[in-house]
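Source file: model18.cif (mmCIF, N, CA and C atoms and all ligand atoms)
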```
data_final
loop_
_atom_site.label_atom_id
_atom_site.label_comp_id
_atom_site.auth_asym_id
_atom_site.auth_seq_id
_atom_site.Cartn_x
_atom_site.Cartn_y
_atom_site.Cartn_z
N MET C 1 -28.05 13.65 -31.26
CA MET C 1 -29.49 13.47 -31.02
C MET C 1 -29.89 14.26 -29.78
N SER C 2 -30.95 14.99 -29.86
CA SER C 2 -31.27 15.95 -28.80
C SER C 2 -31.62 15.30 -27.46
N ASN C 3 -32.21 14.10 -27.49
CA ASN C 3 -32.60 13.48 -26.22
C ASN C 3 -31.61 12.41 -25.75
N CYS C 4 -30.41 12.41 -26.31
CA CYS C 4 -29.42 11.38 -25.97
C CYS C 4 -28.49 11.92 -24.88
N ILE C 5 -28.44 11.21 -23.75
CA ILE C 5 -27.63 11.67 -22.62
C ILE C 5 -26.14 11.71 -22.99
N PHE C 6 -25.67 10.75 -23.78
CA PHE C 6 -24.25 10.74 -24.13
C PHE C 6 -23.91 11.84 -25.14
N CYS C 7 -24.87 12.22 -25.99
CA CYS C 7 -24.65 13.39 -26.86
C CYS C 7 -24.48 14.64 -26.00
N LYS C 8 -25.32 14.76 -24.98
CA LYS C 8 -25.24 15.93 -24.08
C LYS C 8 -23.89 15.95 -23.37
N ILE C 9 -23.44 14.79 -22.91
CA ILE C 9 -22.14 14.71 -22.23
C ILE C 9 -21.03 15.10 -23.20
N ALA C 10 -21.07 14.56 -24.42
CA ALA C 10 -20.02 14.85 -25.41
C ALA C 10 -19.97 16.33 -25.75
N GLN C 11 -21.14 16.98 -25.69
CA GLN C 11 -21.19 18.41 -26.00
C GLN C 11 -20.87 19.28 -24.79
N GLY C 12 -20.54 18.63 -23.66
CA GLY C 12 -20.14 19.38 -22.47
C GLY C 12 -21.29 19.93 -21.66
N GLU C 13 -22.52 19.51 -22.00
CA GLU C 13 -23.69 20.08 -21.32
C GLU C 13 -23.84 19.61 -19.87
N SER C 14 -23.26 18.44 -19.54
CA SER C 14 -23.44 17.97 -18.17
C SER C 14 -22.20 18.23 -17.31
N HIS C 15 -21.25 18.98 -17.87
CA HIS C 15 -20.07 19.43 -17.12
C HIS C 15 -19.30 18.28 -16.47
N LYS C 16 -19.25 17.15 -17.14
CA LYS C 16 -18.46 16.03 -16.64
C LYS C 16 -16.98 16.29 -16.93
N GLU C 17 -16.16 15.74 -16.01
CA GLU C 17 -14.71 15.81 -16.26
C GLU C 17 -14.35 14.82 -17.38
N PHE C 18 -13.62 15.28 -18.38
CA PHE C 18 -13.14 14.37 -19.42
C PHE C 18 -11.73 13.92 -19.05
N LEU C 19 -11.54 12.59 -19.03
CA LEU C 19 -10.21 12.04 -18.75
C LEU C 19 -9.35 12.09 -20.00
N PHE C 20 -10.02 12.17 -21.13
CA PHE C 20 -9.34 12.35 -22.42
C PHE C 20 -10.37 12.95 -23.36
N GLU C 21 -9.92 13.82 -24.25
CA GLU C 21 -10.82 14.30 -25.30
C GLU C 21 -10.00 14.72 -26.51
N ASP C 22 -10.59 14.52 -27.67
CA ASP C 22 -10.02 15.09 -28.89
C ASP C 22 -11.19 15.49 -29.78
N ASP C 23 -10.93 15.69 -31.04
CA ASP C 23 -11.99 16.20 -31.91
C ASP C 23 -13.11 15.20 -32.16
N ARG C 24 -12.86 13.91 -31.92
CA ARG C 24 -13.88 12.90 -32.26
C ARG C 24 -14.37 12.06 -31.09
N VAL C 25 -13.60 12.05 -29.98
CA VAL C 25 -13.88 11.11 -28.88
C VAL C 25 -13.74 11.82 -27.53
N VAL C 26 -14.59 11.43 -26.57
CA VAL C 26 -14.38 11.87 -25.18
C VAL C 26 -14.43 10.65 -24.27
N VAL C 27 -13.71 10.75 -23.14
CA VAL C 27 -13.68 9.67 -22.14
C VAL C 27 -14.02 10.26 -20.78
N PHE C 28 -14.93 9.59 -20.07
CA PHE C 28 -15.37 10.08 -18.76
C PHE C 28 -15.70 8.88 -17.88
N ARG C 29 -15.92 9.14 -16.58
CA ARG C 29 -16.20 8.05 -15.64
C ARG C 29 -17.66 7.60 -15.74
N ASP C 30 -17.85 6.28 -15.62
CA ASP C 30 -19.21 5.73 -15.59
C ASP C 30 -19.90 6.18 -14.29
N LEU C 31 -21.17 6.51 -14.40
CA LEU C 31 -21.94 6.99 -13.25
C LEU C 31 -22.14 5.90 -12.20
N TYR C 32 -22.22 4.65 -12.62
CA TYR C 32 -22.45 3.52 -11.71
C TYR C 32 -21.31 2.52 -11.90
N PRO C 33 -20.13 2.84 -11.35
CA PRO C 33 -18.94 2.02 -11.65
C PRO C 33 -19.06 0.59 -11.16
N GLN C 34 -18.67 -0.33 -12.02
CA GLN C 34 -18.68 -1.77 -11.70
C GLN C 34 -17.29 -2.27 -11.34
N ALA C 35 -16.36 -1.37 -11.18
CA ALA C 35 -14.97 -1.69 -10.81
C ALA C 35 -14.35 -0.40 -10.28
N PRO C 36 -13.23 -0.50 -9.55
CA PRO C 36 -12.58 0.72 -9.03
C PRO C 36 -12.32 1.74 -10.13
N VAL C 37 -11.94 1.27 -11.31
CA VAL C 37 -11.87 2.15 -12.48
C VAL C 37 -12.89 1.65 -13.49
N HIS C 38 -13.81 2.50 -13.86
CA HIS C 38 -14.82 2.16 -14.88
C HIS C 38 -15.08 3.43 -15.68
N ILE C 39 -14.56 3.44 -16.89
CA ILE C 39 -14.67 4.64 -17.72
C ILE C 39 -15.30 4.28 -19.06
N LEU C 40 -15.83 5.29 -19.73
CA LEU C 40 -16.49 5.09 -21.01
C LEU C 40 -15.84 5.99 -22.05
N ALA C 41 -15.55 5.43 -23.21
CA ALA C 41 -15.07 6.22 -24.35
C ALA C 41 -16.20 6.25 -25.37
N ILE C 42 -16.57 7.46 -25.78
CA ILE C 42 -17.68 7.59 -26.74
C ILE C 42 -17.27 8.51 -27.89
N PRO C 43 -17.85 8.27 -29.07
CA PRO C 43 -17.64 9.23 -30.15
C PRO C 43 -18.49 10.48 -29.89
N ARG C 44 -18.00 11.63 -30.32
CA ARG C 44 -18.82 12.84 -30.19
C ARG C 44 -20.06 12.74 -31.07
N ALA C 45 -19.92 12.09 -32.24
CA ALA C 45 -21.06 11.90 -33.14
C ALA C 45 -21.94 10.78 -32.62
N HIS C 46 -23.22 10.87 -32.90
CA HIS C 46 -24.16 9.86 -32.41
C HIS C 46 -24.21 8.65 -33.33
N PHE C 47 -23.94 7.48 -32.74
CA PHE C 47 -24.19 6.20 -33.40
C PHE C 47 -24.94 5.35 -32.39
N HIS C 48 -26.00 4.70 -32.85
CA HIS C 48 -26.83 3.87 -31.97
C HIS C 48 -25.98 2.76 -31.32
N SER C 49 -25.13 2.14 -32.10
CA SER C 49 -24.26 1.07 -31.58
C SER C 49 -23.08 0.92 -32.55
N ILE C 50 -22.20 -0.02 -32.25
CA ILE C 50 -21.04 -0.28 -33.12
C ILE C 50 -21.49 -0.75 -34.51
N LYS C 51 -22.71 -1.32 -34.58
CA LYS C 51 -23.19 -1.85 -35.86
C LYS C 51 -23.36 -0.78 -36.92
N GLU C 52 -23.58 0.46 -36.47
CA GLU C 52 -23.82 1.56 -37.42
C GLU C 52 -22.51 2.22 -37.88
N VAL C 53 -21.38 1.82 -37.33
CA VAL C 53 -20.11 2.49 -37.62
C VAL C 53 -19.35 1.77 -38.73
N GLU C 54 -19.07 2.50 -39.79
CA GLU C 54 -18.28 1.92 -40.89
C GLU C 54 -16.86 2.49 -40.92
N ASP C 55 -16.62 3.51 -40.12
CA ASP C 55 -15.33 4.20 -40.11
C ASP C 55 -14.37 3.48 -39.15
N GLU C 56 -13.45 2.71 -39.73
CA GLU C 56 -12.52 1.94 -38.89
C GLU C 56 -11.62 2.85 -38.07
N THR C 57 -11.33 4.02 -38.60
CA THR C 57 -10.48 4.96 -37.87
C THR C 57 -11.15 5.38 -36.58
N LEU C 58 -12.45 5.61 -36.63
CA LEU C 58 -13.17 6.01 -35.43
C LEU C 58 -13.14 4.89 -34.38
N VAL C 59 -13.31 3.67 -34.82
CA VAL C 59 -13.25 2.53 -33.89
C VAL C 59 -11.88 2.49 -33.21
N GLY C 60 -10.84 2.67 -33.99
CA GLY C 60 -9.48 2.70 -33.42
C GLY C 60 -9.30 3.86 -32.46
N ARG C 61 -9.86 5.00 -32.79
CA ARG C 61 -9.74 6.17 -31.93
C ARG C 61 -10.40 5.94 -30.57
N LEU C 62 -11.52 5.22 -30.57
CA LEU C 62 -12.20 4.91 -29.30
C LEU C 62 -11.27 4.09 -28.40
N PHE C 63 -10.68 3.04 -28.97
CA PHE C 63 -9.80 2.17 -28.17
C PHE C 63 -8.56 2.92 -27.70
N THR C 64 -7.99 3.72 -28.57
CA THR C 64 -6.79 4.46 -28.19
C THR C 64 -7.10 5.48 -27.10
N ALA C 65 -8.24 6.13 -27.20
CA ALA C 65 -8.63 7.12 -26.19
C ALA C 65 -8.81 6.45 -24.82
N ALA C 66 -9.48 5.30 -24.81
CA ALA C 66 -9.68 4.58 -23.55
C ALA C 66 -8.33 4.15 -22.96
N LYS C 67 -7.45 3.67 -23.81
CA LYS C 67 -6.12 3.24 -23.36
C LYS C 67 -5.34 4.40 -22.75
N LYS C 68 -5.39 5.55 -23.39
CA LYS C 68 -4.68 6.72 -22.86
C LYS C 68 -5.25 7.14 -21.51
N ALA C 69 -6.57 7.07 -21.36
CA ALA C 69 -7.19 7.43 -20.08
C ALA C 69 -6.77 6.43 -19.00
N ALA C 70 -6.69 5.14 -19.35
CA ALA C 70 -6.24 4.13 -18.38
C ALA C 70 -4.81 4.41 -17.93
N GLU C 71 -3.96 4.78 -18.87
CA GLU C 71 -2.57 5.11 -18.54
C GLU C 71 -2.53 6.30 -17.59
N LYS C 72 -3.37 7.28 -17.89
CA LYS C 72 -3.42 8.49 -17.04
C LYS C 72 -3.85 8.13 -15.62
N LEU C 73 -4.75 7.15 -15.50
CA LEU C 73 -5.24 6.74 -14.18
C LEU C 73 -4.31 5.73 -13.51
N GLY C 74 -3.30 5.29 -14.23
CA GLY C 74 -2.28 4.42 -13.65
C GLY C 74 -2.69 2.97 -13.51
N ILE C 75 -3.67 2.52 -14.30
CA ILE C 75 -4.00 1.09 -14.20
C ILE C 75 -3.33 0.34 -15.35
N LYS C 76 -2.87 -0.85 -14.99
CA LYS C 76 -2.02 -1.64 -15.88
C LYS C 76 -2.86 -2.69 -16.61
N ASP C 77 -3.75 -3.33 -15.86
CA ASP C 77 -4.58 -4.40 -16.43
C ASP C 77 -6.02 -3.93 -16.47
N TYR C 78 -6.69 -4.24 -17.55
CA TYR C 78 -8.08 -3.79 -17.67
C TYR C 78 -8.80 -4.61 -18.72
N ARG C 79 -10.12 -4.46 -18.71
CA ARG C 79 -10.97 -5.11 -19.71
C ARG C 79 -11.70 -4.03 -20.49
N MET C 80 -11.76 -4.21 -21.81
CA MET C 80 -12.54 -3.31 -22.64
C MET C 80 -13.70 -4.10 -23.25
N VAL C 81 -14.88 -3.47 -23.27
CA VAL C 81 -16.04 -4.20 -23.79
C VAL C 81 -17.04 -3.22 -24.41
N ILE C 82 -17.66 -3.66 -25.49
CA ILE C 82 -18.72 -2.87 -26.13
C ILE C 82 -19.98 -3.74 -26.16
N ASN C 83 -20.92 -3.45 -25.27
CA ASN C 83 -22.19 -4.16 -25.28
C ASN C 83 -22.99 -3.68 -26.49
N THR C 84 -23.49 -4.62 -27.26
CA THR C 84 -24.14 -4.27 -28.53
C THR C 84 -25.51 -4.93 -28.61
N GLY C 85 -26.54 -4.13 -28.40
CA GLY C 85 -27.92 -4.63 -28.41
C GLY C 85 -28.38 -5.01 -27.01
N PRO C 86 -29.70 -4.95 -26.78
CA PRO C 86 -30.25 -5.22 -25.44
C PRO C 86 -29.87 -6.59 -24.87
N GLN C 87 -29.85 -7.60 -25.71
CA GLN C 87 -29.54 -8.94 -25.19
C GLN C 87 -28.10 -9.04 -24.71
N ALA C 88 -27.26 -8.19 -25.21
CA ALA C 88 -25.85 -8.17 -24.80
C ALA C 88 -25.59 -7.17 -23.69
N GLY C 89 -26.66 -6.53 -23.19
CA GLY C 89 -26.50 -5.64 -22.05
C GLY C 89 -26.43 -4.16 -22.39
N GLN C 90 -26.61 -3.80 -23.68
CA GLN C 90 -26.58 -2.36 -24.01
C GLN C 90 -27.84 -1.69 -23.49
N SER C 91 -27.65 -0.62 -22.73
CA SER C 91 -28.80 0.10 -22.16
C SER C 91 -28.82 1.57 -22.60
N VAL C 92 -27.67 2.08 -23.02
CA VAL C 92 -27.60 3.45 -23.55
C VAL C 92 -27.26 3.33 -25.03
N PHE C 93 -28.15 3.88 -25.86
CA PHE C 93 -28.01 3.64 -27.29
C PHE C 93 -27.30 4.80 -28.00
N HIS C 94 -26.11 5.06 -27.47
CA HIS C 94 -25.07 5.88 -28.11
C HIS C 94 -23.81 5.07 -27.91
N LEU C 95 -23.19 4.66 -28.98
CA LEU C 95 -22.01 3.79 -28.90
C LEU C 95 -21.06 4.20 -27.78
N HIS C 96 -20.63 3.21 -26.97
CA HIS C 96 -19.65 3.48 -25.93
C HIS C 96 -18.81 2.23 -25.69
N LEU C 97 -17.54 2.48 -25.41
CA LEU C 97 -16.59 1.43 -25.07
C LEU C 97 -16.33 1.52 -23.57
N HIS C 98 -16.65 0.44 -22.85
CA HIS C 98 -16.33 0.39 -21.41
C HIS C 98 -14.87 0.00 -21.23
N LEU C 99 -14.22 0.58 -20.24
CA LEU C 99 -12.91 0.10 -19.78
C LEU C 99 -13.01 -0.06 -18.28
N LEU C 100 -12.78 -1.29 -17.81
CA LEU C 100 -12.89 -1.60 -16.38
C LEU C 100 -11.57 -2.16 -15.88
N GLY C 101 -11.19 -1.76 -14.66
CA GLY C 101 -9.96 -2.27 -14.08
C GLY C 101 -9.88 -1.95 -12.61
N GLY C 102 -8.76 -2.37 -12.02
CA GLY C 102 -8.55 -2.09 -10.60
C GLY C 102 -9.02 -3.20 -9.69
N ARG C 103 -9.54 -4.29 -10.28
CA ARG C 103 -9.90 -5.47 -9.48
C ARG C 103 -9.77 -6.68 -10.39
N TYR C 104 -9.75 -7.89 -9.75
CA TYR C 104 -9.71 -9.12 -10.54
C TYR C 104 -11.04 -9.30 -11.25
N MET C 105 -10.99 -9.69 -12.50
CA MET C 105 -12.22 -9.94 -13.26
C MET C 105 -12.24 -11.37 -13.80
N ALA C 106 -13.29 -12.08 -13.47
CA ALA C 106 -13.39 -13.47 -13.91
C ALA C 106 -13.67 -13.54 -15.40
N TRP C 107 -13.28 -14.67 -15.98
CA TRP C 107 -13.60 -14.96 -17.37
C TRP C 107 -13.98 -16.42 -17.50
N PRO C 108 -15.09 -16.80 -18.14
CA PRO C 108 -15.99 -15.92 -18.89
C PRO C 108 -16.84 -15.05 -17.99
N PRO C 109 -17.35 -13.93 -18.52
CA PRO C 109 -18.03 -12.96 -17.68
C PRO C 109 -19.44 -13.35 -17.26
N GLY C 110 -20.07 -14.32 -17.93
CA GLY C 110 -21.43 -14.73 -17.54
C GLY C 110 -22.49 -13.94 -18.26
P1 LIG T 201 -24.43 -0.27 -21.41
O1 LIG T 201 -25.28 -1.04 -20.45
O2 LIG T 201 -23.33 -1.06 -22.04
O3 LIG T 201 -25.28 0.45 -22.45
O4 LIG T 201 -23.68 0.82 -20.56
C1 LIG T 201 -24.21 2.06 -20.26
C2 LIG T 201 -23.40 2.61 -19.15
O5 LIG T 201 -23.64 4.00 -19.05
C3 LIG T 201 -23.72 2.01 -17.78
O6 LIG T 201 -22.53 1.44 -17.23
C4 LIG T 201 -24.21 3.19 -16.98
O7 LIG T 201 -23.81 3.13 -15.64
C5 LIG T 201 -23.59 4.36 -17.71
N1 LIG T 201 -24.28 5.62 -17.60
C6 LIG T 201 -25.60 5.85 -17.78
N2 LIG T 201 -25.87 7.16 -17.65
C7 LIG T 201 -24.68 7.76 -17.39
C8 LIG T 201 -24.29 9.10 -17.15
N3 LIG T 201 -25.16 10.11 -17.13
N4 LIG T 201 -22.99 9.35 -16.93
C9 LIG T 201 -22.08 8.36 -16.94
N5 LIG T 201 -22.39 7.07 -17.16
C10 LIG T 201 -23.67 6.76 -17.38
#
```
Re-express the file's structure as structure tokens.
Amino acid sequence: MSNCIFCKIAQGESHKEFLFEDDRVVVFRDLYPQAPVHILAIPRAHFHSIKEVEDETLVGRLFTAAKKAAEKLGIKDYRMVINTGPQAGQSVFHLHLHLLGGRYMAWPPG
């Protein structure tokens, strides 16, 4: 989508460093990190949210990409989360998987 910031990032237009990339997924650092490590794994293709994705392989690829980036950054414990819809905290409407780590995280998250 032409006005989607994450599409631009996936296409390399914002010159962000990719911690992992392959033909379908890229991983980069969150602009406003909520933990010492806060990275996002996104599909190169545009999906508004996880609700629009029927390809289970792509969902698996997102998780695997985030995991590989975490290993590269040397963090052992982390949380992965996909906010889905405004009420759940989604603010960027291009599917993304958050991976946060490097500090203690309470549960439930509130
Ligand atoms: P969510 O609220 O789940 O939709 O998460 C969107 C995330 O994208 C937030 O954590 C933002 O800090 C992050 N974000 C927004 N714009 C950018 C950007 N240009 N580069 C990296 N992360 C971004």
Hey, which residues come within 8 Å of ligand LIG 201 (chain T) if we count only N, CA and C atoms and all ligand atoms? Could you give them as a PDB file with N, CA and C atoms, in the coordinates of the input?
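Produced file selection.pdb, reproduced below:
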```pdb
ATOM      1  N   ILE C   5     -28.440  11.210 -23.750  1.00  0.00           N
ATOM      2  CA  ILE C   5     -27.630  11.670 -22.620  1.00  0.00           C
ATOM      3  C   ILE C   5     -26.140  11.710 -22.990  1.00  0.00           C
ATOM      4  N   PHE C   6     -25.670  10.750 -23.780  1.00  0.00           N
ATOM      5  CA  PHE C   6     -24.250  10.740 -24.130  1.00  0.00           C
ATOM      6  C   PHE C   6     -23.910  11.840 -25.140  1.00  0.00           C
ATOM      7  N   ILE C   9     -23.440  14.790 -22.910  1.00  0.00           N
ATOM      8  CA  ILE C   9     -22.140  14.710 -22.230  1.00  0.00           C
ATOM      9  C   ILE C   9     -21.030  15.100 -23.200  1.00  0.00           C
ATOM     10  N   PHE C  28     -14.930   9.590 -20.070  1.00  0.00           N
ATOM     11  CA  PHE C  28     -15.370  10.080 -18.760  1.00  0.00           C
ATOM     12  C   PHE C  28     -15.700   8.880 -17.880  1.00  0.00           C
ATOM     13  N   ARG C  29     -15.920   9.140 -16.580  1.00  0.00           N
ATOM     14  CA  ARG C  29     -16.200   8.050 -15.640  1.00  0.00           C
ATOM     15  C   ARG C  29     -17.660   7.600 -15.740  1.00  0.00           C
ATOM     16  N   ASP C  30     -17.850   6.280 -15.620  1.00  0.00           N
ATOM     17  CA  ASP C  30     -19.210   5.730 -15.590  1.00  0.00           C
ATOM     18  C   ASP C  30     -19.900   6.180 -14.290  1.00  0.00           C
ATOM     19  N   LEU C  31     -21.170   6.510 -14.400  1.00  0.00           N
ATOM     20  CA  LEU C  31     -21.940   6.990 -13.250  1.00  0.00           C
ATOM     21  C   LEU C  31     -22.140   5.900 -12.200  1.00  0.00           C
ATOM     22  N   TYR C  32     -22.220   4.650 -12.620  1.00  0.00           N
ATOM     23  CA  TYR C  32     -22.450   3.520 -11.710  1.00  0.00           C
ATOM     24  C   TYR C  32     -21.310   2.520 -11.900  1.00  0.00           C
ATOM     25  N   PRO C  33     -20.130   2.840 -11.350  1.00  0.00           N
ATOM     26  CA  PRO C  33     -18.940   2.020 -11.650  1.00  0.00           C
ATOM     27  C   PRO C  33     -19.060   0.590 -11.160  1.00  0.00           C
ATOM     28  N   GLN C  34     -18.670  -0.330 -12.020  1.00  0.00           N
ATOM     29  CA  GLN C  34     -18.680  -1.770 -11.700  1.00  0.00           C
ATOM     30  C   GLN C  34     -17.290  -2.270 -11.340  1.00  0.00           C
ATOM     31  N   HIS C  38     -13.810   2.500 -13.860  1.00  0.00           N
ATOM     32  CA  HIS C  38     -14.820   2.160 -14.880  1.00  0.00           C
ATOM     33  C   HIS C  38     -15.080   3.430 -15.680  1.00  0.00           C
ATOM     34  N   ILE C  39     -14.560   3.440 -16.890  1.00  0.00           N
ATOM     35  CA  ILE C  39     -14.670   4.640 -17.720  1.00  0.00           C
ATOM     36  C   ILE C  39     -15.300   4.280 -19.060  1.00  0.00           C
ATOM     37  N   LEU C  40     -15.830   5.290 -19.730  1.00  0.00           N
ATOM     38  CA  LEU C  40     -16.490   5.090 -21.010  1.00  0.00           C
ATOM     39  C   LEU C  40     -15.840   5.990 -22.050  1.00  0.00           C
ATOM     40  N   VAL C  81     -14.880  -3.470 -23.270  1.00  0.00           N
ATOM     41  CA  VAL C  81     -16.040  -4.200 -23.790  1.00  0.00           C
ATOM     42  C   VAL C  81     -17.040  -3.220 -24.410  1.00  0.00           C
ATOM     43  N   ILE C  82     -17.660  -3.660 -25.490  1.00  0.00           N
ATOM     44  CA  ILE C  82     -18.720  -2.870 -26.130  1.00  0.00           C
ATOM     45  C   ILE C  82     -19.980  -3.740 -26.160  1.00  0.00           C
ATOM     46  N   ASN C  83     -20.920  -3.450 -25.270  1.00  0.00           N
ATOM     47  CA  ASN C  83     -22.190  -4.160 -25.280  1.00  0.00           C
ATOM     48  C   ASN C  83     -22.990  -3.680 -26.490  1.00  0.00           C
ATOM     49  N   THR C  84     -23.490  -4.620 -27.260  1.00  0.00           N
ATOM     50  CA  THR C  84     -24.140  -4.270 -28.530  1.00  0.00           C
ATOM     51  C   THR C  84     -25.510  -4.930 -28.610  1.00  0.00           C
ATOM     52  N   GLY C  85     -26.540  -4.130 -28.400  1.00  0.00           N
ATOM     53  CA  GLY C  85     -27.920  -4.630 -28.410  1.00  0.00           C
ATOM     54  C   GLY C  85     -28.380  -5.010 -27.010  1.00  0.00           C
ATOM     55  N   ALA C  88     -27.260  -8.190 -25.210  1.00  0.00           N
ATOM     56  CA  ALA C  88     -25.850  -8.170 -24.800  1.00  0.00           C
ATOM     57  C   ALA C  88     -25.590  -7.170 -23.690  1.00  0.00           C
ATOM     58  N   GLY C  89     -26.660  -6.530 -23.190  1.00  0.00           N
ATOM     59  CA  GLY C  89     -26.500  -5.640 -22.050  1.00  0.00           C
ATOM     60  C   GLY C  89     -26.430  -4.160 -22.390  1.00  0.00           C
ATOM     61  N   GLN C  90     -26.610  -3.800 -23.680  1.00  0.00           N
ATOM     62  CA  GLN C  90     -26.580  -2.360 -24.010  1.00  0.00           C
ATOM     63  C   GLN C  90     -27.840  -1.690 -23.490  1.00  0.00           C
ATOM     64  N   SER C  91     -27.650  -0.620 -22.730  1.00  0.00           N
ATOM     65  CA  SER C  91     -28.800   0.100 -22.160  1.00  0.00           C
ATOM     66  C   SER C  91     -28.820   1.570 -22.600  1.00  0.00           C
ATOM     67  N   VAL C  92     -27.670   2.080 -23.020  1.00  0.00           N
ATOM     68  CA  VAL C  92     -27.600   3.450 -23.550  1.00  0.00           C
ATOM     69  C   VAL C  92     -27.260   3.330 -25.030  1.00  0.00           C
ATOM     70  N   PHE C  93     -28.150   3.880 -25.860  1.00  0.00           N
ATOM     71  CA  PHE C  93     -28.010   3.640 -27.290  1.00  0.00           C
ATOM     72  C   PHE C  93     -27.300   4.800 -28.000  1.00  0.00           C
ATOM     73  N   HIS C  94     -26.110   5.060 -27.470  1.00  0.00           N
ATOM     74  CA  HIS C  94     -25.070   5.880 -28.110  1.00  0.00           C
ATOM     75  C   HIS C  94     -23.810   5.070 -27.910  1.00  0.00           C
ATOM     76  N   LEU C  95     -23.190   4.660 -28.980  1.00  0.00           N
ATOM     77  CA  LEU C  95     -22.010   3.790 -28.900  1.00  0.00           C
ATOM     78  C   LEU C  95     -21.060   4.200 -27.780  1.00  0.00           C
ATOM     79  N   HIS C  96     -20.630   3.210 -26.970  1.00  0.00           N
ATOM     80  CA  HIS C  96     -19.650   3.480 -25.930  1.00  0.00           C
ATOM     81  C   HIS C  96     -18.810   2.230 -25.690  1.00  0.00           C
ATOM     82  N   LEU C  97     -17.540   2.480 -25.410  1.00  0.00           N
ATOM     83  CA  LEU C  97     -16.590   1.430 -25.070  1.00  0.00           C
ATOM     84  C   LEU C  97     -16.330   1.520 -23.570  1.00  0.00           C
ATOM     85  N   HIS C  98     -16.650   0.440 -22.850  1.00  0.00           N
ATOM     86  CA  HIS C  98     -16.330   0.390 -21.410  1.00  0.00           C
ATOM     87  C   HIS C  98     -14.870   0.000 -21.230  1.00  0.00           C
TER      88      HIS C  98
END
```
Please return as a compact mmCIF listing (two decimals) with N, CA and C atoms, in the coordinates of the input: the residues of chain C that backbone DSSP assigns to alpha helix (DSSP H).
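Final output, saved to result-v2.txt:
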```txt
# COMPACT_ATOMS: atom_id res chain seq x y z
N ILE C 5 -28.44 11.21 -23.75
CA ILE C 5 -27.63 11.67 -22.62
C ILE C 5 -26.14 11.71 -22.99
N PHE C 6 -25.67 10.75 -23.78
CA PHE C 6 -24.25 10.74 -24.13
C PHE C 6 -23.91 11.84 -25.14
N CYS C 7 -24.87 12.22 -25.99
CA CYS C 7 -24.65 13.39 -26.86
C CYS C 7 -24.48 14.64 -26.00
N LYS C 8 -25.32 14.76 -24.98
CA LYS C 8 -25.24 15.93 -24.08
C LYS C 8 -23.89 15.95 -23.37
N ILE C 9 -23.44 14.79 -22.91
CA ILE C 9 -22.14 14.71 -22.23
C ILE C 9 -21.03 15.10 -23.20
N ALA C 10 -21.07 14.56 -24.42
CA ALA C 10 -20.02 14.85 -25.41
C ALA C 10 -19.97 16.33 -25.75
N GLU C 56 -13.45 2.71 -39.73
CA GLU C 56 -12.52 1.94 -38.89
C GLU C 56 -11.62 2.85 -38.07
N THR C 57 -11.33 4.02 -38.60
CA THR C 57 -10.48 4.96 -37.87
C THR C 57 -11.15 5.38 -36.58
N LEU C 58 -12.45 5.61 -36.63
CA LEU C 58 -13.17 6.01 -35.43
C LEU C 58 -13.14 4.89 -34.38
N VAL C 59 -13.31 3.67 -34.82
CA VAL C 59 -13.25 2.53 -33.89
C VAL C 59 -11.88 2.49 -33.21
N GLY C 60 -10.84 2.67 -33.99
CA GLY C 60 -9.48 2.70 -33.42
C GLY C 60 -9.30 3.86 -32.46
N ARG C 61 -9.86 5.00 -32.79
CA ARG C 61 -9.74 6.17 -31.93
C ARG C 61 -10.40 5.94 -30.57
N LEU C 62 -11.52 5.22 -30.57
CA LEU C 62 -12.20 4.91 -29.30
C LEU C 62 -11.27 4.09 -28.40
N PHE C 63 -10.68 3.04 -28.97
CA PHE C 63 -9.80 2.17 -28.17
C PHE C 63 -8.56 2.92 -27.70
N THR C 64 -7.99 3.72 -28.57
CA THR C 64 -6.79 4.46 -28.19
C THR C 64 -7.10 5.48 -27.10
N ALA C 65 -8.24 6.13 -27.20
CA ALA C 65 -8.63 7.12 -26.19
C ALA C 65 -8.81 6.45 -24.82
N ALA C 66 -9.48 5.30 -24.81
CA ALA C 66 -9.68 4.58 -23.55
C ALA C 66 -8.33 4.15 -22.96
N LYS C 67 -7.45 3.67 -23.81
CA LYS C 67 -6.12 3.24 -23.36
C LYS C 67 -5.34 4.40 -22.75
N LYS C 68 -5.39 5.55 -23.39
CA LYS C 68 -4.68 6.72 -22.86
C LYS C 68 -5.25 7.14 -21.51
N ALA C 69 -6.57 7.07 -21.36
CA ALA C 69 -7.19 7.43 -20.08
C ALA C 69 -6.77 6.43 -19.00
N ALA C 70 -6.69 5.14 -19.35
CA ALA C 70 -6.24 4.13 -18.38
C ALA C 70 -4.81 4.41 -17.93
N GLU C 71 -3.96 4.78 -18.87
CA GLU C 71 -2.57 5.11 -18.54
C GLU C 71 -2.53 6.30 -17.59
N LYS C 72 -3.37 7.28 -17.89
CA LYS C 72 -3.42 8.49 -17.04
C LYS C 72 -3.85 8.13 -15.62
N LEU C 73 -4.75 7.15 -15.50
CA LEU C 73 -5.24 6.74 -14.18
C LEU C 73 -4.31 5.73 -13.51
```
Distance of atom N of C:Val37 from atom C of C:Ala69, expressed in Å to one decimal place: 10.6 Å
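Across the structure, atom CA of C:Pro86 and atom CA of C:Glu21 are spaced 27.5 Å apart.
Running DSSP on the backbone gives strand (DSSP E) for these residues within chain C: C:Phe20, C:Glu21, C:Val25, C:Val26, C:Val27, C:Phe28, C:Arg29, C:Val37, C:His38, C:Ile39, C:Leu40, C:Ala41, C:Ile42, C:Pro43, C:Tyr78, C:Arg79, C:Met80, C:Val81, C:Leu97, C:His98, C:Leu99, C:Leu100, C:Gly101.
Straight-line separation from atom CA of C:Val27 to atom C of C:Val53: 19.2 Å.
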Could you write out as JSON the box around stretch 58-70 of chain C (axis-aligned, all atoms listed in the file, 5 Å on each side), with centre and edge lengths in Å to one decimal?
```
{"center_x": -9.0, "center_y": 4.8, "center_z": -27.3, "size_x": 18.6, "size_y": 15.3, "size_z": 28.7}
```
Between C:Cys4, C:Leu58, C:Ala66, C:Val26, which has the minimum distance to C:Arg44 (counting all atoms listed in the file)? C:Val26
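The nearest approach to C:Ala45 among the residues C:Asn3, C:Gln11, C:Tyr78, C:Ala106, with only C-alpha atoms taken into account, belongs to C:Gln11.
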